[in-house]
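Here is work-v4.txt, consisting of compact mmCIF, C-alpha atoms and all ligand atoms:
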# COMPACT_ATOMS: atom_id res chain seq x y z
CA MET A 172 12.78 -27.11 74.41
CA SER A 173 13.60 -27.75 70.76
CA GLN A 174 16.07 -25.44 69.15
CA ALA A 175 15.30 -24.34 65.59
CA ILE A 176 18.30 -24.81 63.32
CA LEU A 177 16.47 -23.71 60.18
CA GLU A 178 13.37 -21.57 60.09
CA MET A 179 11.44 -20.66 56.94
CA LYS A 180 8.79 -17.99 57.19
CA ASN A 181 6.41 -17.59 54.27
CA ILE A 182 9.12 -18.34 51.71
CA SER A 183 8.24 -17.90 48.07
CA LYS A 184 10.22 -18.33 44.86
CA VAL A 185 9.29 -17.06 41.43
CA PHE A 186 11.45 -17.97 38.43
CA GLU A 187 11.08 -15.45 35.64
CA THR A 188 12.06 -15.95 32.04
CA GLU A 189 11.09 -13.66 29.17
CA GLU A 190 7.90 -15.49 28.37
CA LEU A 191 7.14 -17.33 31.59
CA GLU A 192 6.77 -16.82 35.34
CA THR A 193 6.94 -19.99 37.46
CA HIS A 194 5.75 -19.79 41.05
CA ALA A 195 7.89 -22.66 42.34
CA LEU A 196 7.28 -21.99 46.06
CA LYS A 197 4.22 -20.22 47.46
CA GLY A 198 4.45 -19.26 51.09
CA ILE A 199 6.38 -22.11 52.73
CA SER A 200 6.72 -22.02 56.53
CA PHE A 201 8.32 -24.67 58.71
CA SER A 202 11.25 -25.24 61.05
CA VAL A 203 13.89 -27.92 61.35
CA ASN A 204 14.88 -28.44 64.96
CA LYS A 205 18.11 -29.80 66.37
CA GLY A 206 18.15 -33.59 66.09
CA ASP A 207 15.22 -33.62 63.68
CA TYR A 208 14.87 -35.88 60.66
CA VAL A 209 12.60 -34.21 58.11
CA SER A 210 11.55 -35.66 54.77
CA ILE A 211 10.19 -33.55 51.93
CA SER A 212 8.26 -35.38 49.24
CA GLY A 213 5.86 -34.64 46.43
CA PRO A 214 5.47 -35.05 42.67
CA SER A 215 8.06 -33.97 40.10
CA GLY A 216 8.16 -30.19 39.70
CA CYS A 217 6.43 -29.41 43.01
CA GLY A 218 9.42 -27.39 44.26
CA LYS A 219 11.47 -29.84 46.36
CA SER A 220 14.90 -29.08 44.91
CA THR A 221 14.13 -25.36 44.80
CA LEU A 222 13.28 -25.48 48.49
CA LEU A 223 16.43 -27.42 49.36
CA SER A 224 18.58 -25.00 47.33
CA ILE A 225 17.18 -22.07 49.29
CA MET A 226 17.68 -23.93 52.57
CA GLY A 227 21.31 -24.58 51.58
CA LEU A 228 21.90 -20.96 50.49
CA LEU A 229 22.60 -22.09 46.94
CA ASP A 230 19.70 -19.91 45.80
CA VAL A 231 17.67 -17.08 47.27
CA SER A 232 13.93 -16.74 47.82
CA THR A 233 11.92 -13.98 46.19
CA GLY A 234 9.78 -13.47 49.31
CA GLY A 235 9.68 -14.37 52.98
CA GLU A 236 12.31 -14.73 55.65
CA TYR A 237 14.89 -17.44 56.35
CA LEU A 238 16.82 -17.92 59.58
CA ILE A 239 19.69 -20.29 60.37
CA GLU A 240 20.29 -20.78 64.10
CA GLY A 241 18.23 -17.67 64.75
CA ILE A 242 20.22 -15.46 62.38
CA ASN A 243 18.45 -13.87 59.44
CA VAL A 244 20.15 -15.12 56.26
CA THR A 245 17.53 -13.91 53.79
CA ASP A 246 19.59 -11.14 52.19
CA LEU A 247 23.23 -12.20 52.44
CA THR A 248 25.82 -11.27 49.84
CA LEU A 249 27.23 -14.19 47.84
CA ASP A 250 30.38 -14.22 49.98
CA GLN A 251 28.44 -14.17 53.25
CA ALA A 252 26.17 -16.95 51.97
CA ALA A 253 29.19 -19.06 51.04
CA GLU A 254 30.68 -18.59 54.49
CA VAL A 255 27.48 -19.62 56.29
CA ARG A 256 27.02 -22.52 53.87
CA ASN A 257 30.55 -23.86 54.49
CA ALA A 258 30.16 -23.57 58.24
CA LYS A 259 26.59 -24.83 58.71
CA ILE A 260 25.44 -27.01 55.82
CA GLY A 261 26.42 -30.47 54.57
CA PHE A 262 25.04 -31.47 51.16
CA ILE A 263 24.33 -34.88 49.71
CA PHE A 264 23.10 -35.04 46.12
CA GLN A 265 21.64 -37.77 43.94
CA SER A 266 24.75 -37.70 41.73
CA PHE A 267 27.45 -38.16 44.34
CA ASN A 268 29.59 -35.28 42.99
CA LEU A 269 32.89 -36.89 44.02
CA ILE A 270 36.15 -35.91 42.33
CA ASP A 271 37.39 -38.91 40.31
CA GLU A 272 41.08 -37.94 40.46
CA LEU A 273 41.13 -37.83 44.28
CA SER A 274 41.22 -40.76 46.67
CA VAL A 275 38.36 -41.42 49.08
CA PHE A 276 40.46 -39.81 51.82
CA ASP A 277 41.10 -36.64 49.81
CA ASN A 278 37.47 -36.36 48.68
CA VAL A 279 36.29 -36.49 52.28
CA ALA A 280 39.05 -34.10 53.43
CA LEU A 281 38.14 -31.45 50.84
CA PRO A 282 35.73 -29.33 52.93
CA LEU A 283 38.32 -29.18 55.74
CA ARG A 284 41.08 -28.04 53.40
CA TYR A 285 38.92 -25.02 52.48
CA HIS A 286 37.61 -24.42 55.99
CA SER A 287 38.16 -21.06 57.68
CA ASP A 288 39.43 -22.89 60.81
CA LYS A 289 42.41 -24.20 58.80
CA PRO A 290 42.68 -27.51 60.68
CA SER A 291 46.10 -29.19 60.87
CA ASN A 292 46.87 -32.29 58.82
CA GLN A 293 46.64 -34.36 61.99
CA VAL A 294 43.12 -33.04 62.75
CA ILE A 295 42.10 -33.60 59.13
CA LYS A 296 43.34 -37.19 59.31
CA GLU A 297 41.44 -37.86 62.54
CA ARG A 298 38.20 -36.32 61.30
CA VAL A 299 38.29 -38.05 57.91
CA THR A 300 39.04 -41.40 59.54
CA ALA A 301 36.19 -40.95 62.03
CA CYS A 302 33.71 -39.99 59.30
CA LEU A 303 34.70 -42.95 57.11
CA GLU A 304 34.12 -45.21 60.10
CA LYS A 305 30.60 -43.80 60.48
CA VAL A 306 29.77 -44.87 56.93
CA ALA A 307 31.59 -48.21 57.23
CA LEU A 308 34.18 -47.45 54.55
CA SER A 309 37.48 -47.35 56.45
CA HIS A 310 38.76 -50.20 54.27
CA ARG A 311 38.37 -48.10 51.08
CA ILE A 312 40.30 -45.02 52.19
CA SER A 313 42.90 -45.15 49.38
CA HIS A 314 40.53 -46.14 46.58
CA LYS A 315 39.39 -43.79 43.84
CA PRO A 316 35.62 -43.18 43.46
CA ASN A 317 35.44 -45.17 40.19
CA GLN A 318 36.73 -48.24 42.05
CA LEU A 319 33.67 -48.17 44.31
CA SER A 320 30.06 -49.23 43.90
CA GLY A 321 27.38 -46.56 43.65
CA GLY A 322 26.27 -47.14 47.22
CA GLN A 323 29.83 -46.88 48.46
CA GLN A 324 30.31 -43.64 46.51
CA GLN A 325 27.21 -42.18 48.12
CA ARG A 326 28.55 -43.16 51.54
CA VAL A 327 31.81 -41.34 50.73
CA ALA A 328 29.66 -38.31 49.85
CA ILE A 329 27.93 -38.64 53.24
CA ALA A 330 31.31 -38.72 55.01
CA ARG A 331 32.37 -35.63 53.07
CA ALA A 332 29.14 -33.85 54.05
CA LEU A 333 29.77 -34.69 57.72
CA VAL A 334 33.46 -33.90 58.00
CA ALA A 335 33.16 -30.18 58.79
CA GLU A 336 30.52 -30.96 61.45
CA PRO A 337 27.64 -29.03 59.88
CA ALA A 338 24.51 -27.99 61.80
CA VAL A 339 22.33 -29.82 59.29
CA LEU A 340 22.62 -32.31 56.43
CA LEU A 341 20.57 -31.40 53.35
CA VAL A 342 19.96 -34.45 51.18
CA ASP A 343 18.38 -34.49 47.70
CA GLU A 344 17.22 -37.91 46.42
CA PRO A 345 20.19 -39.80 47.91
CA THR A 346 19.09 -43.13 46.46
CA GLY A 347 18.02 -41.92 43.00
CA ASN A 348 21.05 -43.47 41.28
CA LEU A 349 21.16 -46.65 43.37
CA ASP A 350 19.64 -50.10 43.24
CA SER A 351 17.27 -50.84 46.10
CA LYS A 352 19.80 -52.77 48.20
CA SER A 353 22.47 -50.03 48.06
CA GLY A 354 19.73 -47.44 48.58
CA ASP A 355 18.55 -49.23 51.72
CA LEU A 356 22.12 -49.25 53.06
CA VAL A 357 22.52 -45.52 52.46
CA MET A 358 19.23 -44.88 54.24
CA GLU A 359 20.37 -47.04 57.14
CA VAL A 360 23.51 -44.91 57.45
CA LEU A 361 21.40 -41.71 57.49
CA GLU A 362 19.07 -43.17 60.11
CA LYS A 363 21.99 -44.13 62.37
CA LEU A 364 23.52 -40.66 61.98
CA ASN A 365 20.23 -39.12 63.05
CA GLU A 366 20.03 -41.47 66.04
CA SER A 367 23.43 -40.21 67.13
CA GLY A 368 22.30 -36.58 66.88
CA THR A 369 22.77 -35.43 63.28
CA THR A 370 19.99 -33.14 62.01
CA ILE A 371 18.79 -34.20 58.56
CA CYS A 372 16.45 -32.75 55.97
CA MET A 373 15.94 -35.02 52.98
CA VAL A 374 14.06 -34.81 49.68
CA THR A 375 12.83 -38.18 48.45
CA HIS A 376 10.33 -39.60 45.98
CA ASP A 377 10.25 -42.91 47.77
CA PRO A 378 7.39 -43.14 50.30
CA ARG A 379 9.22 -45.90 52.20
CA TYR A 380 12.18 -43.63 52.78
CA ALA A 381 10.00 -40.58 53.54
CA ASP A 382 8.37 -42.67 56.28
CA MET A 383 11.73 -43.20 57.99
CA ALA A 384 11.80 -39.48 58.89
CA LYS A 385 10.33 -38.19 62.15
CA THR A 386 8.64 -35.27 60.41
CA LYS A 387 7.11 -35.56 56.96
CA ILE A 388 6.44 -32.59 54.71
CA GLN A 389 4.38 -33.10 51.56
CA LEU A 390 4.72 -30.49 48.84
CA LEU A 391 2.22 -29.95 46.04
CA ASP A 392 2.55 -27.13 43.50
CA GLY A 393 4.85 -25.13 45.74
CA THR A 394 2.78 -25.34 48.92
CA ILE A 395 2.90 -27.61 51.95
CA LEU A 396 0.07 -30.07 51.60
CA GLN A 397 0.13 -31.45 55.06
CA ALA A 398 1.37 -29.73 58.20
CA PRO A 399 4.43 -31.53 59.57
CA LYS A 400 3.42 -34.01 62.21
CA ALA A 401 5.73 -35.78 64.58
CA LYS A 402 5.77 -39.51 63.95
CA LEU A 403 4.30 -41.52 66.80
CA ALA A 404 6.67 -43.70 68.74
CA GLY A 405 7.33 -47.06 67.07
N1 LIG A 501 16.19 -22.19 37.17
C1 LIG A 501 14.90 -22.29 36.91
N2 LIG A 501 14.29 -21.47 36.02
C2 LIG A 501 12.97 -21.57 35.74
N3 LIG A 501 12.15 -22.46 36.33
C3 LIG A 501 12.69 -23.32 37.21
C4 LIG A 501 14.09 -23.29 37.57
N4 LIG A 501 14.33 -24.27 38.48
C5 LIG A 501 13.16 -24.87 38.69
N5 LIG A 501 12.16 -24.30 37.95
C6 LIG A 501 10.74 -24.68 37.95
O1 LIG A 501 10.29 -24.65 39.30
C7 LIG A 501 9.42 -25.75 39.55
C8 LIG A 501 9.97 -26.57 40.72
O2 LIG A 501 11.17 -27.23 40.31
P1 LIG A 501 12.02 -28.19 41.28
O3 LIG A 501 13.27 -28.53 40.56
O4 LIG A 501 12.12 -27.55 42.59
O5 LIG A 501 11.06 -29.46 41.35
P2 LIG A 501 11.28 -30.85 42.12
O6 LIG A 501 10.12 -31.01 43.06
O7 LIG A 501 12.63 -30.92 42.69
O8 LIG A 501 11.12 -31.90 40.93
P3 LIG A 501 11.84 -33.34 40.70
O9 LIG A 501 11.14 -34.30 41.60
O10 LIG A 501 11.55 -33.63 39.26
O11 LIG A 501 13.30 -33.20 41.00
C9 LIG A 501 9.30 -26.52 38.27
O12 LIG A 501 8.12 -26.09 37.61
C10 LIG A 501 10.53 -26.12 37.49
O13 LIG A 501 10.29 -26.17 36.10
MG MG A 502 14.33 -32.16 42.30
Encoding of this model in structure tokens:
Amino acid sequence: MSQAILEMKNISKVFETEELETHALKGISFSVNKGDYVSISGPSGCGKSTLLSIMGLLDVSTGGEYLIEGINVTDLTLDQAAEVRNAKIGFIFQSFNLIDELSVFDNVALPLRYHSDKPSNQVIKERVTACLEKVALSHRISHKPNQLSGGQQQRVAIARALVAEPAVLLVDEPTGNLDSKSGDLVMEVLEKLNESGTTICMVTHDPRYADMAKTKIQLLDGTILQAPKAKLAG
């Protein structure tokens, strides 16, 4: 039986400013199961990033219920949300968000240095090395981010997202800043990670990349257009 890692039940989000109310999400319900690869696509402004922010506990919904591994995380305090986020979620953004002053090794090690488990330097070294191998960047371990190509920088960001062994990777437009060849390589890395068991939920504009996912969610004006359907074999 599939195990739900993330479960959204009738999630809504209203942004309010003095003169305007934006209903960014209107009753979103779906689950991400262990081992799943879910893509979320839809036109600009349809609510993709808002949805991913709520999934990653970077923002809160204004209605509905959200569970991570069966635990209700709808109304956590900021501190509780940060703790769950650090333990369960790996993020990959369009703009790699690496720290220029740090080497590849230290960028990837960062989540472990702040982890509540306080891993030893030896464990950190082993985990960082293993994650850099997964993204085929072992030979760039001492480089600084600005000495790498965009695609390589995004792969460092993937290694960093993986290093604390999160329950799910949340990915927002991972290829948005890349040429098509580097973008294809990044997508290949994500596909391989999923094949070896990593659960992924990815926002993308690109229909080719959305099609690589096992489950496709289409958003339009804050609602799910098409119920998620498992991709047929092949
Ligand atoms: N902080 C905010 N305050 C007010 N409105 C917001 C805020 N963030 C997003 N919105 C609005 O919510 C809607 C959904 O925005 P969101 O960023 O989720 O879209 P998106 O699907 O990610 O778009 P894109 O493909 O352009 O990245 C938009 O109408 C946007 O203007
Ligand atoms: Mg967006």
Fill in: A:Leu238, A:Met358, A:Met226, A:Ile176 ranked by distance to ligand LIG 501 (chain A), top pick (using all atoms listed in the file)
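Going through A:Leu238, A:Met358, A:Met226, A:Ile176 one by one, the smallest distance to ligand LIG 501 (chain A) is for A:Met226.
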Discussion item. I'd like the neighbourhood of Arg326 in chain A as a PyMOL selection string, where a residue qualifies if any of its atoms comes within 6 Å (using only C-alpha atoms), though same-chain residues fewer than 3 positions away should be ignored.
Written reply: chain A and resi 306+323+329
Item to complete: Pick out the closest residue to ligand MG 502 (chain A) from this set: A:Ser266, A:Asn278, A:Thr370, A:Ser353. Count only C-alpha atoms and all ligand atoms.
Response: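 Counting only C-alpha atoms and all ligand atoms, the residue closest to ligand MG 502 (chain A) is A:Ser266.
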Worksheet entry | Shortest interatomic distance to ligand MG 502 (chain A) - which of A:Glu362, A:Asp392, A:Asp377, A:Glu344, counting all atoms listed in the file |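 Of all the options, A:Glu344 lies closest to ligand MG 502 (chain A).
Each residue with an atom within 6 Å of any atom of ligand LIG 501 (chain A) appears in the list, which was built counting only C-alpha atoms and all ligand atoms: Phe186, Thr193, Ala195, Pro214, Ser215, Gly216, Cys217, Gly218, Lys219, Ser220 and Thr221 of chain A.
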Fill in: Between CA of Asn257 in chain A and CA of Phe276 in chain A, distance in Å (one decimal)
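A separation of 19.0 Å between them.
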Worksheet entry | Selected residue, from A:Arg331, A:His376, A:Lys289, A:His314, that lies nearest to Phe262 in chain A when counting all atoms listed in the file |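 Selected residue with least distance to Phe262 in chain A: A:Arg331.
Excluding Asp355 in chain A itself and any same-chain residue fewer than 4 positions from it, the protein and nucleic acid residues within 9 Å of it, counting only C-alpha atoms, are Thr346, Asp350, Ser351, Glu359, Val360 and Tyr380 of chain A.
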Requested write-out: C-alpha atoms of the selected residues, as a PDB file, keeping the file's coordinate frame:
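Final output, again.pdb:
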ATOM      1  CA  THR A 346      19.090 -43.130  46.460  1.00  0.00           C
ATOM      2  CA  ASP A 350      19.640 -50.100  43.240  1.00  0.00           C
ATOM      3  CA  SER A 351      17.270 -50.840  46.100  1.00  0.00           C
ATOM      4  CA  GLU A 359      20.370 -47.040  57.140  1.00  0.00           C
ATOM      5  CA  VAL A 360      23.510 -44.910  57.450  1.00  0.00           C
ATOM      6  CA  TYR A 380      12.180 -43.630  52.780  1.00  0.00           C
TER       7      TYR A 380
END
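You can rank A:Gly206, A:Arg284, A:Ser320, A:Ala332 by their closest distance to Lys363 in chain A using all atoms listed in the file, and at the top of that list sits A:Gly206.
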Practice prompt. Would you mind reading off the distance between CA of Met373 in chain A and CA of Ser232 in chain A, one decimal, in Å?
Written response: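 Between these atoms lies a distance of 19.1 Å.
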Fill in: Residue nearest Tyr285 in chain A among A:Val334, A:Leu308, A:Cys302, A:Ile225 (counting only C-alpha atoms)
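For Tyr285 in chain A, the nearest of the candidates is A:Val334.
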Fill in: Spatial neighbours of Gln318 in chain A, max dist 10 Å, only C-alpha atoms, sep filter under 5 positions, as number ranges by chain
A: 271, 274-275, 311, 323-324
Discussion item. Would you compute the distance between CA of Val327 in chain A and CA of Leu223 in chain A? Give it in Å to one decimal.
Written reply: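 So the answer is 20.8 Å.
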Practice prompt. Could you pull out every residue with an atom within 8 Å of (24.8, -35.2, 54.7), file coordinates, counting only C-alpha atoms, and send them as a PyMOL selection string?
Written response: chain A and resi 261-263+328-333+339-342+361+371
Practice prompt. May I have the residues within 12 Å of Asn243 in chain A as a PyMOL selection string, using all atoms listed in the file and disregarding those fewer than 3 positions away in the same chain?
Written response: chain A and resi 176-180+228+235-240+246-247+251-252+255
Discussion item. Please list as an MDAnalysis selection string every residue within 6 Å of Leu391 in chain A, counting only C-alpha atoms and excluding residues in the same chain fewer than 3 positions away.
Written reply: chainID A and resid 213 217 394 396
Store the residues of this selection in a file with C-alpha atoms, as a tab-separated table (two decimals), in the frame of the given file.
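What follows is the written file result-v1.tsv:
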chain	number	residue	atom	x	y	z
A	213	GLY	CA	5.86	-34.64	46.43
A	217	CYS	CA	6.43	-29.41	43.01
A	394	THR	CA	2.78	-25.34	48.92
A	396	LEU	CA	0.07	-30.07	51.60
Take range 356-380 of chain A, bring it up to N, CA and C atoms, and give me the output as a PDB file, in the coordinates of the input.
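That gives us rebuild_28.pdb:
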ATOM      1  N   LEU A 356      20.921 -49.399  52.213  1.00  0.00           N
ATOM      2  CA  LEU A 356      22.120 -49.250  53.060  1.00  0.00           C
ATOM      3  C   LEU A 356      22.418 -47.775  53.342  1.00  0.00           C
ATOM      4  N   VAL A 357      22.292 -46.950  52.304  1.00  0.00           N
ATOM      5  CA  VAL A 357      22.520 -45.520  52.460  1.00  0.00           C
ATOM      6  C   VAL A 357      21.501 -44.941  53.458  1.00  0.00           C
ATOM      7  N   MET A 358      20.257 -45.392  53.326  1.00  0.00           N
ATOM      8  CA  MET A 358      19.230 -44.880  54.240  1.00  0.00           C
ATOM      9  C   MET A 358      19.485 -45.335  55.669  1.00  0.00           C
ATOM     10  N   GLU A 359      20.020 -46.547  55.802  1.00  0.00           N
ATOM     11  CA  GLU A 359      20.370 -47.040  57.140  1.00  0.00           C
ATOM     12  C   GLU A 359      21.444 -46.155  57.777  1.00  0.00           C
ATOM     13  N   VAL A 360      22.443 -45.777  56.952  1.00  0.00           N
ATOM     14  CA  VAL A 360      23.510 -44.910  57.450  1.00  0.00           C
ATOM     15  C   VAL A 360      22.910 -43.576  57.925  1.00  0.00           C
ATOM     16  N   LEU A 361      22.011 -43.002  57.110  1.00  0.00           N
ATOM     17  CA  LEU A 361      21.400 -41.710  57.490  1.00  0.00           C
ATOM     18  C   LEU A 361      20.606 -41.857  58.785  1.00  0.00           C
ATOM     19  N   GLU A 362      19.880 -42.962  58.909  1.00  0.00           N
ATOM     20  CA  GLU A 362      19.070 -43.170  60.110  1.00  0.00           C
ATOM     21  C   GLU A 362      19.947 -43.275  61.361  1.00  0.00           C
ATOM     22  N   LYS A 363      21.059 -43.994  61.234  1.00  0.00           N
ATOM     23  CA  LYS A 363      21.990 -44.130  62.370  1.00  0.00           C
ATOM     24  C   LYS A 363      22.596 -42.780  62.747  1.00  0.00           C
ATOM     25  N   LEU A 364      22.950 -41.999  61.715  1.00  0.00           N
ATOM     26  CA  LEU A 364      23.520 -40.660  61.980  1.00  0.00           C
ATOM     27  C   LEU A 364      22.523 -39.818  62.754  1.00  0.00           C
ATOM     28  N   ASN A 365      21.245 -39.908  62.346  1.00  0.00           N
ATOM     29  CA  ASN A 365      20.230 -39.120  63.050  1.00  0.00           C
ATOM     30  C   ASN A 365      20.084 -39.602  64.487  1.00  0.00           C
ATOM     31  N   GLU A 366      20.132 -40.927  64.669  1.00  0.00           N
ATOM     32  CA  GLU A 366      20.030 -41.470  66.040  1.00  0.00           C
ATOM     33  C   GLU A 366      21.168 -40.961  66.917  1.00  0.00           C
ATOM     34  N   SER A 367      22.323 -40.712  66.304  1.00  0.00           N
ATOM     35  CA  SER A 367      23.430 -40.210  67.130  1.00  0.00           C
ATOM     36  C   SER A 367      23.504 -38.689  67.124  1.00  0.00           C
ATOM     37  N   GLY A 368      22.422 -38.019  66.662  1.00  0.00           N
ATOM     38  CA  GLY A 368      22.300 -36.580  66.880  1.00  0.00           C
ATOM     39  C   GLY A 368      22.367 -35.683  65.660  1.00  0.00           C
ATOM     40  N   THR A 369      22.673 -36.262  64.477  1.00  0.00           N
ATOM     41  CA  THR A 369      22.770 -35.430  63.280  1.00  0.00           C
ATOM     42  C   THR A 369      21.381 -34.978  62.808  1.00  0.00           C
ATOM     43  N   THR A 370      21.255 -33.696  62.520  1.00  0.00           N
ATOM     44  CA  THR A 370      19.990 -33.140  62.010  1.00  0.00           C
ATOM     45  C   THR A 370      19.958 -33.307  60.493  1.00  0.00           C
ATOM     46  N   ILE A 371      18.857 -33.871  59.986  1.00  0.00           N
ATOM     47  CA  ILE A 371      18.790 -34.200  58.560  1.00  0.00           C
ATOM     48  C   ILE A 371      17.500 -33.664  57.937  1.00  0.00           C
ATOM     49  N   CYS A 372      17.625 -33.125  56.748  1.00  0.00           N
ATOM     50  CA  CYS A 372      16.450 -32.750  55.970  1.00  0.00           C
ATOM     51  C   CYS A 372      16.632 -33.336  54.581  1.00  0.00           C
ATOM     52  N   MET A 373      15.730 -34.212  54.173  1.00  0.00           N
ATOM     53  CA  MET A 373      15.940 -35.020  52.980  1.00  0.00           C
ATOM     54  C   MET A 373      14.765 -34.962  52.008  1.00  0.00           C
ATOM     55  N   VAL A 374      15.070 -34.718  50.733  1.00  0.00           N
ATOM     56  CA  VAL A 374      14.060 -34.810  49.680  1.00  0.00           C
ATOM     57  C   VAL A 374      14.059 -36.232  49.139  1.00  0.00           C
ATOM     58  N   THR A 375      12.898 -36.843  49.044  1.00  0.00           N
ATOM     59  CA  THR A 375      12.830 -38.180  48.450  1.00  0.00           C
ATOM     60  C   THR A 375      11.474 -38.429  47.775  1.00  0.00           C
ATOM     61  N   HIS A 376      11.545 -39.152  46.661  1.00  0.00           N
ATOM     62  CA  HIS A 376      10.330 -39.600  45.980  1.00  0.00           C
ATOM     63  C   HIS A 376       9.746 -40.836  46.645  1.00  0.00           C
ATOM     64  N   ASP A 377      10.614 -41.570  47.322  1.00  0.00           N
ATOM     65  CA  ASP A 377      10.250 -42.910  47.770  1.00  0.00           C
ATOM     66  C   ASP A 377       9.476 -42.853  49.091  1.00  0.00           C
ATOM     67  N   PRO A 378       8.195 -43.246  49.085  1.00  0.00           N
ATOM     68  CA  PRO A 378       7.390 -43.140  50.300  1.00  0.00           C
ATOM     69  C   PRO A 378       7.945 -43.960  51.465  1.00  0.00           C
ATOM     70  N   ARG A 379       8.624 -45.068  51.130  1.00  0.00           N
ATOM     71  CA  ARG A 379       9.220 -45.900  52.200  1.00  0.00           C
ATOM     72  C   ARG A 379      10.290 -45.108  52.937  1.00  0.00           C
ATOM     73  N   TYR A 380      11.103 -44.401  52.184  1.00  0.00           N
ATOM     74  CA  TYR A 380      12.180 -43.630  52.780  1.00  0.00           C
ATOM     75  C   TYR A 380      11.631 -42.386  53.487  1.00  0.00           C
TER      76      TYR A 380
END
